[in-house]
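Here is the file target15.cif (mmCIF, N, CA and C atoms).
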```cif
data_my_file
loop_
_atom_site.label_atom_id
_atom_site.label_comp_id
_atom_site.auth_asym_id
_atom_site.auth_seq_id
_atom_site.Cartn_x
_atom_site.Cartn_y
_atom_site.Cartn_z
N MET A 416 11.51 -50.55 13.88
CA MET A 416 11.54 -51.33 15.09
C MET A 416 12.98 -51.79 15.31
N CYS A 417 13.48 -51.67 16.51
CA CYS A 417 14.84 -52.07 16.83
C CYS A 417 14.95 -53.58 16.95
N GLU A 418 16.14 -54.08 16.73
CA GLU A 418 16.38 -55.51 16.80
C GLU A 418 16.09 -56.04 18.21
N GLU A 419 16.41 -55.25 19.24
CA GLU A 419 16.15 -55.67 20.62
C GLU A 419 14.64 -55.82 20.86
N GLU A 420 13.84 -54.90 20.32
CA GLU A 420 12.39 -54.97 20.50
C GLU A 420 11.79 -56.19 19.81
N THR A 421 12.30 -56.51 18.64
CA THR A 421 11.78 -57.67 17.94
C THR A 421 12.16 -58.96 18.67
N GLU A 422 13.35 -59.00 19.25
CA GLU A 422 13.78 -60.17 20.01
C GLU A 422 12.89 -60.39 21.23
N LEU A 423 12.45 -59.29 21.87
CA LEU A 423 11.61 -59.40 23.06
C LEU A 423 10.29 -60.13 22.79
N VAL A 424 9.74 -59.95 21.61
CA VAL A 424 8.48 -60.61 21.27
C VAL A 424 8.69 -61.90 20.48
N GLY A 425 9.92 -62.32 20.35
CA GLY A 425 10.22 -63.58 19.68
C GLY A 425 10.28 -63.51 18.17
N LEU A 426 10.41 -62.30 17.64
CA LEU A 426 10.48 -62.13 16.18
C LEU A 426 11.95 -62.05 15.76
N HIS A 427 12.32 -62.95 14.87
CA HIS A 427 13.70 -62.96 14.36
C HIS A 427 13.62 -62.67 12.86
N ILE A 428 14.21 -61.56 12.44
CA ILE A 428 14.15 -61.16 11.03
C ILE A 428 15.42 -61.59 10.33
N ASN A 429 15.26 -62.37 9.27
CA ASN A 429 16.39 -62.81 8.47
C ASN A 429 16.68 -61.72 7.43
N ARG A 430 17.80 -61.06 7.59
CA ARG A 430 18.14 -59.94 6.68
C ARG A 430 18.31 -60.40 5.24
N ASN A 431 18.78 -61.63 5.05
CA ASN A 431 19.01 -62.13 3.69
C ASN A 431 17.71 -62.46 2.96
N LYS A 432 16.67 -62.84 3.69
CA LYS A 432 15.40 -63.22 3.07
C LYS A 432 14.41 -62.06 3.00
N THR A 433 14.66 -60.98 3.72
CA THR A 433 13.71 -59.87 3.78
C THR A 433 13.83 -59.01 2.52
N LYS A 434 12.69 -58.73 1.90
CA LYS A 434 12.61 -57.89 0.70
C LYS A 434 11.56 -56.82 0.93
N GLY A 435 11.62 -55.76 0.16
CA GLY A 435 10.64 -54.68 0.27
C GLY A 435 9.99 -54.41 -1.08
N MET A 436 8.73 -53.95 -1.04
CA MET A 436 8.03 -53.61 -2.27
C MET A 436 7.12 -52.41 -1.99
N ARG A 437 7.06 -51.51 -2.93
CA ARG A 437 6.22 -50.32 -2.80
C ARG A 437 5.04 -50.42 -3.75
N VAL A 438 3.87 -50.05 -3.24
CA VAL A 438 2.66 -50.03 -4.05
C VAL A 438 1.96 -48.71 -3.78
N ASN A 439 1.72 -47.92 -4.84
CA ASN A 439 0.99 -46.66 -4.73
C ASN A 439 1.56 -45.72 -3.67
N THR A 440 2.83 -45.44 -3.76
CA THR A 440 3.44 -44.51 -2.80
C THR A 440 4.45 -43.62 -3.51
N PHE A 441 4.64 -42.44 -2.95
CA PHE A 441 5.62 -41.52 -3.51
C PHE A 441 6.89 -41.52 -2.65
N ASN A 442 6.82 -42.14 -1.48
CA ASN A 442 7.97 -42.21 -0.58
C ASN A 442 9.01 -43.15 -1.19
N MET A 443 10.17 -42.63 -1.50
CA MET A 443 11.20 -43.43 -2.15
C MET A 443 12.42 -43.65 -1.25
N GLN A 444 12.25 -43.44 0.08
CA GLN A 444 13.35 -43.71 1.00
C GLN A 444 13.70 -45.19 0.95
N LYS A 445 14.97 -45.49 1.12
CA LYS A 445 15.43 -46.88 1.12
C LYS A 445 14.88 -47.60 2.34
N PHE A 446 14.50 -48.88 2.14
CA PHE A 446 14.12 -49.71 3.27
C PHE A 446 15.39 -50.09 4.02
N ARG A 447 15.33 -50.00 5.35
CA ARG A 447 16.49 -50.35 6.15
C ARG A 447 16.06 -51.20 7.34
N LEU A 448 16.91 -52.13 7.68
CA LEU A 448 16.76 -52.93 8.89
C LEU A 448 18.05 -52.74 9.66
N GLU A 449 17.96 -51.92 10.74
CA GLU A 449 19.17 -51.48 11.46
C GLU A 449 20.07 -50.78 10.45
N GLU A 450 21.24 -51.28 10.20
CA GLU A 450 22.19 -50.64 9.27
C GLU A 450 22.15 -51.27 7.88
N THR A 451 21.38 -52.31 7.71
CA THR A 451 21.35 -53.04 6.45
C THR A 451 20.26 -52.50 5.54
N GLU A 452 20.62 -52.25 4.28
CA GLU A 452 19.64 -51.81 3.30
C GLU A 452 18.90 -53.02 2.75
N ILE A 453 17.58 -52.93 2.68
CA ILE A 453 16.73 -54.03 2.22
C ILE A 453 16.53 -53.93 0.71
N GLU A 454 16.67 -55.05 0.02
CA GLU A 454 16.48 -55.09 -1.43
C GLU A 454 15.01 -54.84 -1.77
N GLU A 455 14.78 -54.03 -2.80
CA GLU A 455 13.42 -53.78 -3.28
C GLU A 455 13.14 -54.68 -4.48
N VAL A 456 11.93 -55.25 -4.51
CA VAL A 456 11.53 -56.15 -5.59
C VAL A 456 10.20 -55.69 -6.17
N GLY A 457 9.91 -56.12 -7.39
CA GLY A 457 8.65 -55.78 -8.04
C GLY A 457 7.57 -56.81 -7.81
N SER A 458 7.98 -58.03 -7.41
CA SER A 458 7.02 -59.09 -7.11
C SER A 458 7.70 -60.15 -6.26
N PHE A 459 6.88 -60.94 -5.58
CA PHE A 459 7.40 -62.06 -4.79
C PHE A 459 6.30 -63.10 -4.60
N LEU A 460 6.69 -64.28 -4.19
CA LEU A 460 5.76 -65.38 -3.97
C LEU A 460 5.45 -65.46 -2.48
N TYR A 461 4.16 -65.44 -2.14
CA TYR A 461 3.73 -65.52 -0.75
C TYR A 461 2.61 -66.54 -0.63
N LEU A 462 2.86 -67.60 0.13
CA LEU A 462 1.89 -68.68 0.32
C LEU A 462 1.35 -69.21 -1.01
N GLY A 463 2.24 -69.33 -1.99
CA GLY A 463 1.86 -69.89 -3.28
C GLY A 463 1.26 -68.92 -4.26
N SER A 464 1.03 -67.68 -3.85
CA SER A 464 0.45 -66.68 -4.75
C SER A 464 1.48 -65.60 -5.05
N VAL A 465 1.39 -65.05 -6.25
CA VAL A 465 2.28 -63.98 -6.66
C VAL A 465 1.73 -62.65 -6.14
N VAL A 466 2.58 -61.90 -5.45
CA VAL A 466 2.23 -60.55 -5.01
C VAL A 466 3.10 -59.62 -5.82
N SER A 467 2.48 -58.64 -6.50
CA SER A 467 3.27 -57.72 -7.31
C SER A 467 2.69 -56.32 -7.23
N GLU A 468 3.40 -55.40 -7.82
CA GLU A 468 2.95 -54.01 -7.83
C GLU A 468 1.61 -53.88 -8.55
N SER A 469 1.36 -54.76 -9.52
CA SER A 469 0.09 -54.73 -10.25
C SER A 469 -0.93 -55.67 -9.60
N ARG A 470 -0.70 -56.02 -8.36
CA ARG A 470 -1.55 -56.88 -7.52
C ARG A 470 -1.45 -58.36 -7.86
N GLY A 471 -0.70 -58.74 -8.90
CA GLY A 471 -0.34 -60.13 -9.11
C GLY A 471 -1.33 -61.05 -9.77
N THR A 472 -2.52 -60.59 -10.11
CA THR A 472 -3.52 -61.50 -10.66
C THR A 472 -3.06 -62.12 -11.97
N GLU A 473 -2.56 -61.30 -12.88
CA GLU A 473 -2.11 -61.82 -14.17
C GLU A 473 -0.99 -62.84 -13.98
N GLU A 474 -0.04 -62.53 -13.10
CA GLU A 474 1.07 -63.43 -12.84
C GLU A 474 0.58 -64.73 -12.20
N ASP A 475 -0.39 -64.62 -11.28
CA ASP A 475 -0.94 -65.79 -10.62
C ASP A 475 -1.64 -66.71 -11.62
N VAL A 476 -2.43 -66.13 -12.50
CA VAL A 476 -3.15 -66.93 -13.50
C VAL A 476 -2.14 -67.64 -14.42
N ALA A 477 -1.12 -66.92 -14.85
CA ALA A 477 -0.10 -67.53 -15.70
C ALA A 477 0.63 -68.65 -14.97
N SER A 478 0.96 -68.42 -13.71
CA SER A 478 1.65 -69.42 -12.91
C SER A 478 0.79 -70.66 -12.72
N GLU A 479 -0.47 -70.48 -12.37
CA GLU A 479 -1.37 -71.62 -12.17
C GLU A 479 -1.61 -72.35 -13.49
N SER A 480 -1.67 -71.63 -14.61
CA SER A 480 -1.85 -72.27 -15.91
C SER A 480 -0.66 -73.17 -16.24
N ARG A 481 0.55 -72.68 -15.93
CA ARG A 481 1.75 -73.50 -16.17
C ARG A 481 1.74 -74.76 -15.30
N LYS A 482 1.38 -74.61 -14.03
CA LYS A 482 1.31 -75.75 -13.13
C LYS A 482 0.28 -76.76 -13.63
N GLN A 483 -0.86 -76.25 -14.07
CA GLN A 483 -1.92 -77.12 -14.52
C GLN A 483 -1.53 -77.84 -15.80
N MET A 484 -0.83 -77.18 -16.69
CA MET A 484 -0.41 -77.81 -17.93
C MET A 484 0.57 -78.94 -17.66
N VAL A 485 1.46 -78.76 -16.71
CA VAL A 485 2.40 -79.83 -16.33
C VAL A 485 1.61 -81.04 -15.82
N LEU A 486 0.65 -80.80 -14.96
CA LEU A 486 -0.17 -81.87 -14.43
C LEU A 486 -0.99 -82.53 -15.54
N PHE A 487 -1.55 -81.73 -16.42
CA PHE A 487 -2.36 -82.25 -17.52
C PHE A 487 -1.52 -83.16 -18.42
N VAL A 488 -0.30 -82.76 -18.71
CA VAL A 488 0.59 -83.56 -19.56
C VAL A 488 0.96 -84.87 -18.86
N GLN A 489 1.16 -84.82 -17.55
CA GLN A 489 1.47 -86.04 -16.81
C GLN A 489 0.33 -87.05 -16.87
N LEU A 490 -0.87 -86.56 -17.06
CA LEU A 490 -2.05 -87.44 -17.12
C LEU A 490 -2.40 -87.87 -18.54
N TYR A 491 -1.54 -87.59 -19.52
CA TYR A 491 -1.81 -88.00 -20.91
C TYR A 491 -2.14 -89.49 -21.03
N PRO A 492 -1.46 -90.39 -20.32
CA PRO A 492 -1.84 -91.81 -20.43
C PRO A 492 -3.30 -92.06 -20.05
N VAL A 493 -3.80 -91.32 -19.11
CA VAL A 493 -5.21 -91.45 -18.71
C VAL A 493 -6.11 -90.94 -19.82
N TRP A 494 -5.77 -89.77 -20.38
CA TRP A 494 -6.62 -89.18 -21.42
C TRP A 494 -6.68 -90.07 -22.66
N ARG A 495 -5.58 -90.75 -22.96
CA ARG A 495 -5.51 -91.57 -24.18
C ARG A 495 -6.08 -92.98 -23.98
N ASN A 496 -6.26 -93.38 -22.75
CA ASN A 496 -6.72 -94.73 -22.46
C ASN A 496 -8.19 -94.89 -22.85
N LEU A 497 -8.45 -95.76 -23.81
CA LEU A 497 -9.81 -95.96 -24.32
C LEU A 497 -10.68 -96.77 -23.38
N SER A 498 -10.08 -97.47 -22.44
CA SER A 498 -10.88 -98.29 -21.51
C SER A 498 -11.45 -97.47 -20.34
N ILE A 499 -11.00 -96.21 -20.21
CA ILE A 499 -11.52 -95.33 -19.16
C ILE A 499 -12.67 -94.52 -19.76
N SER A 500 -13.80 -94.52 -19.08
CA SER A 500 -14.98 -93.82 -19.61
C SER A 500 -14.79 -92.30 -19.58
N LYS A 501 -15.58 -91.63 -20.39
CA LYS A 501 -15.52 -90.16 -20.43
C LYS A 501 -15.92 -89.56 -19.09
N GLU A 502 -16.86 -90.19 -18.41
CA GLU A 502 -17.31 -89.69 -17.11
C GLU A 502 -16.17 -89.71 -16.09
N VAL A 503 -15.41 -90.81 -16.09
CA VAL A 503 -14.28 -90.92 -15.16
C VAL A 503 -13.20 -89.91 -15.53
N LYS A 504 -12.94 -89.75 -16.81
CA LYS A 504 -11.95 -88.77 -17.25
C LYS A 504 -12.36 -87.35 -16.82
N LEU A 505 -13.64 -87.05 -16.97
CA LEU A 505 -14.13 -85.73 -16.53
C LEU A 505 -13.95 -85.55 -15.02
N ARG A 506 -14.23 -86.58 -14.27
CA ARG A 506 -14.08 -86.51 -12.83
C ARG A 506 -12.61 -86.30 -12.45
N ILE A 507 -11.71 -87.02 -13.13
CA ILE A 507 -10.27 -86.84 -12.89
C ILE A 507 -9.85 -85.43 -13.26
N PHE A 508 -10.34 -84.95 -14.39
CA PHE A 508 -10.00 -83.58 -14.81
C PHE A 508 -10.46 -82.55 -13.78
N ASN A 509 -11.70 -82.66 -13.35
CA ASN A 509 -12.25 -81.68 -12.40
C ASN A 509 -11.57 -81.72 -11.04
N THR A 510 -11.28 -82.92 -10.55
CA THR A 510 -10.71 -83.02 -9.21
C THR A 510 -9.21 -82.79 -9.16
N ASN A 511 -8.50 -83.15 -10.21
CA ASN A 511 -7.04 -83.05 -10.17
C ASN A 511 -6.46 -81.88 -10.96
N VAL A 512 -7.01 -81.62 -12.11
CA VAL A 512 -6.43 -80.59 -12.97
C VAL A 512 -7.07 -79.23 -12.70
N LYS A 513 -8.38 -79.17 -12.73
CA LYS A 513 -9.08 -77.90 -12.55
C LYS A 513 -8.83 -77.31 -11.16
N SER A 514 -8.74 -78.18 -10.15
CA SER A 514 -8.50 -77.69 -8.79
C SER A 514 -7.12 -77.03 -8.67
N VAL A 515 -6.13 -77.54 -9.40
CA VAL A 515 -4.81 -76.92 -9.39
C VAL A 515 -4.87 -75.55 -10.07
N LEU A 516 -5.57 -75.49 -11.18
CA LEU A 516 -5.70 -74.22 -11.91
C LEU A 516 -6.35 -73.14 -11.05
N LEU A 517 -7.38 -73.52 -10.31
CA LEU A 517 -8.17 -72.53 -9.57
C LEU A 517 -7.73 -72.38 -8.11
N TYR A 518 -6.59 -72.96 -7.76
CA TYR A 518 -6.09 -72.84 -6.39
C TYR A 518 -5.90 -71.37 -6.04
N ALA A 519 -6.48 -70.93 -4.95
CA ALA A 519 -6.38 -69.55 -4.42
C ALA A 519 -7.02 -68.52 -5.36
N CYS A 520 -7.90 -68.94 -6.25
CA CYS A 520 -8.52 -68.00 -7.20
C CYS A 520 -9.42 -67.00 -6.49
N GLU A 521 -9.85 -67.29 -5.27
CA GLU A 521 -10.69 -66.34 -4.55
C GLU A 521 -9.95 -65.05 -4.21
N THR A 522 -8.63 -65.06 -4.33
CA THR A 522 -7.86 -63.85 -4.06
C THR A 522 -7.59 -63.05 -5.33
N TRP A 523 -7.95 -63.59 -6.49
CA TRP A 523 -7.69 -62.92 -7.76
C TRP A 523 -8.69 -61.81 -8.01
N LYS A 524 -8.21 -60.79 -8.69
CA LYS A 524 -9.11 -59.74 -9.18
C LYS A 524 -9.77 -60.31 -10.44
N THR A 525 -11.09 -60.38 -10.44
CA THR A 525 -11.82 -60.99 -11.55
C THR A 525 -12.07 -59.96 -12.65
N THR A 526 -11.56 -60.25 -13.82
CA THR A 526 -11.80 -59.40 -14.99
C THR A 526 -12.32 -60.29 -16.12
N ASN A 527 -12.94 -59.68 -17.10
CA ASN A 527 -13.42 -60.44 -18.26
C ASN A 527 -12.27 -61.12 -18.98
N GLN A 528 -11.15 -60.44 -19.08
CA GLN A 528 -9.99 -61.00 -19.78
C GLN A 528 -9.48 -62.26 -19.07
N ILE A 529 -9.39 -62.21 -17.75
CA ILE A 529 -8.90 -63.37 -16.99
C ILE A 529 -9.91 -64.52 -17.08
N THR A 530 -11.18 -64.21 -16.95
CA THR A 530 -12.22 -65.24 -17.06
C THR A 530 -12.17 -65.91 -18.43
N ARG A 531 -12.04 -65.10 -19.49
CA ARG A 531 -11.95 -65.65 -20.85
C ARG A 531 -10.70 -66.52 -21.00
N ARG A 532 -9.58 -66.04 -20.47
CA ARG A 532 -8.32 -66.78 -20.58
C ARG A 532 -8.41 -68.14 -19.87
N LEU A 533 -9.00 -68.16 -18.68
CA LEU A 533 -9.17 -69.41 -17.95
C LEU A 533 -10.12 -70.35 -18.69
N GLN A 534 -11.21 -69.81 -19.22
CA GLN A 534 -12.18 -70.65 -19.92
C GLN A 534 -11.56 -71.24 -21.19
N MET A 535 -10.77 -70.47 -21.91
CA MET A 535 -10.09 -70.98 -23.11
C MET A 535 -9.15 -72.12 -22.74
N PHE A 536 -8.44 -71.96 -21.63
CA PHE A 536 -7.51 -72.99 -21.20
C PHE A 536 -8.25 -74.26 -20.81
N VAL A 537 -9.33 -74.14 -20.07
CA VAL A 537 -10.13 -75.30 -19.67
C VAL A 537 -10.71 -75.98 -20.91
N ASN A 538 -11.23 -75.19 -21.85
CA ASN A 538 -11.79 -75.76 -23.08
C ASN A 538 -10.74 -76.54 -23.86
N LYS A 539 -9.55 -76.00 -23.96
CA LYS A 539 -8.45 -76.66 -24.67
C LYS A 539 -8.15 -78.01 -24.03
N CYS A 540 -8.06 -78.02 -22.70
CA CYS A 540 -7.79 -79.28 -21.99
C CYS A 540 -8.92 -80.28 -22.16
N LEU A 541 -10.15 -79.80 -22.08
CA LEU A 541 -11.30 -80.69 -22.23
C LEU A 541 -11.37 -81.29 -23.64
N ARG A 542 -11.04 -80.49 -24.64
CA ARG A 542 -11.02 -81.03 -26.01
C ARG A 542 -10.01 -82.16 -26.13
N ARG A 543 -8.84 -81.97 -25.54
CA ARG A 543 -7.82 -83.03 -25.59
C ARG A 543 -8.26 -84.24 -24.78
N THR A 544 -8.87 -84.00 -23.64
CA THR A 544 -9.33 -85.09 -22.78
C THR A 544 -10.37 -85.93 -23.48
N MET A 545 -11.30 -85.30 -24.18
CA MET A 545 -12.40 -86.00 -24.84
C MET A 545 -12.10 -86.34 -26.29
N SER A 546 -10.88 -86.04 -26.75
CA SER A 546 -10.47 -86.30 -28.14
C SER A 546 -11.37 -85.61 -29.14
N ILE A 547 -11.67 -84.36 -28.88
CA ILE A 547 -12.51 -83.56 -29.79
C ILE A 547 -11.60 -82.57 -30.52
N LYS A 548 -11.67 -82.56 -31.82
CA LYS A 548 -10.85 -81.62 -32.60
C LYS A 548 -11.44 -80.22 -32.48
N TRP A 549 -10.56 -79.23 -32.55
CA TRP A 549 -10.97 -77.84 -32.42
C TRP A 549 -11.99 -77.46 -33.49
N THR A 550 -11.83 -77.98 -34.69
CA THR A 550 -12.73 -77.63 -35.78
C THR A 550 -14.13 -78.20 -35.59
N ASN A 551 -14.27 -79.22 -34.75
CA ASN A 551 -15.60 -79.80 -34.47
C ASN A 551 -16.32 -78.95 -33.46
#
```
Please render this file's structure as structure tokens.
Amino acid sequence: MCEEETELVGLHINRNKTKGMRVNTFNMQKFRLEETEIEEVGSFLYLGSVVSESRGTEEDVASESRKQMVLFVQLYPVWRNLSISKEVKLRIFNTNVKSVLLYACETWKTTNQITRRLQMFVNKCLRRTMSIKWTN
């Protein structure tokens, strides 16, 4: 598409921010915008989700797990507070921590490995929240 055509419909393409990615193709021609060659990438972040050549599910789960762990650690004073009931702690965990972990999960490819990995992570957090040792 020519730059003049994109301007007519109100589309302004930022050459510095534009990236290209190939998935399941044999065409290896360089991406170009007018005379500028577009950088090719293996993955990128789009609306908070990782898009990659491998469809990004593994990267998304890892990213959400890291975000959730940061949030979980920030709530350590709540988890350690003995005056807060277990029911309230569970409610805080489900509404604040678990929701961050599962954000945009409806776009993930569901596999047994990913389900197991998420469940292990939730179990680990719940054990810490309820002060239950792993051996118990």
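Between CA of Lys432 (chain A) and CA of Ala519 (chain A) lies a distance of 23.9 Å.
In this model, the gap between atom N of Arg447 (chain A) and atom N of Thr472 (chain A) comes to 25.9 Å.
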Once the PyMOL selection byres (((chain A and resi 477 and name CA) around 12) and name CA) is applied to the coordinates I shared, what remains selected? I want it as a PyMOL selection string. chain A and resi 464-465+471-476+478-484+516-517+520+523+529+532-533+536
DSSP strand (DSSP E or B) residues within chain A, listed as a ChimeraX atom specification: /A:434-435,447-448,451-452,454-455,458-461,464-467
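Between atom C of Thr421 (chain A) and atom N of Glu455 (chain A) the separation is 22.2 Å.
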Between A:Val493, A:Arg437, A:Glu422, A:Met443, smallest distance to Phe459 (chain A) by only C-alpha atoms belongs to A:Arg437
Hits of the PyMOL selection byres (((chain A and resi 537 and name CA) around 12) and name CA) in this structure, as a PyMOL selection string: chain A and resi 480+483-484+487+505+508-509+512-517+530-536+538-544
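When only C-alpha atoms are used to compute distances to Ser467 (chain A), the closest of the residues A:Thr550, A:Ile499, A:Arg430, A:Gly435 turns out to be A:Gly435.
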In region 477-537 of chain A, what's helix (DSSP H, G or I) per DSSP? Answer as an MDAnalysis selection string? chainID A and resid 477:489 491:495 501:516 520:522 527:537
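Selecting by distance to (22.4, -54.7, 6.1) with a limit of 12 Å and using only C-alpha atoms, one obtains Ile428, Asn429, Arg430, Asn431, Lys432, Thr433, Lys434, Lys445, Phe446, Arg447, Leu448, Glu449, Glu450, Thr451, Glu452, Ile453 and Glu454 of chain A.
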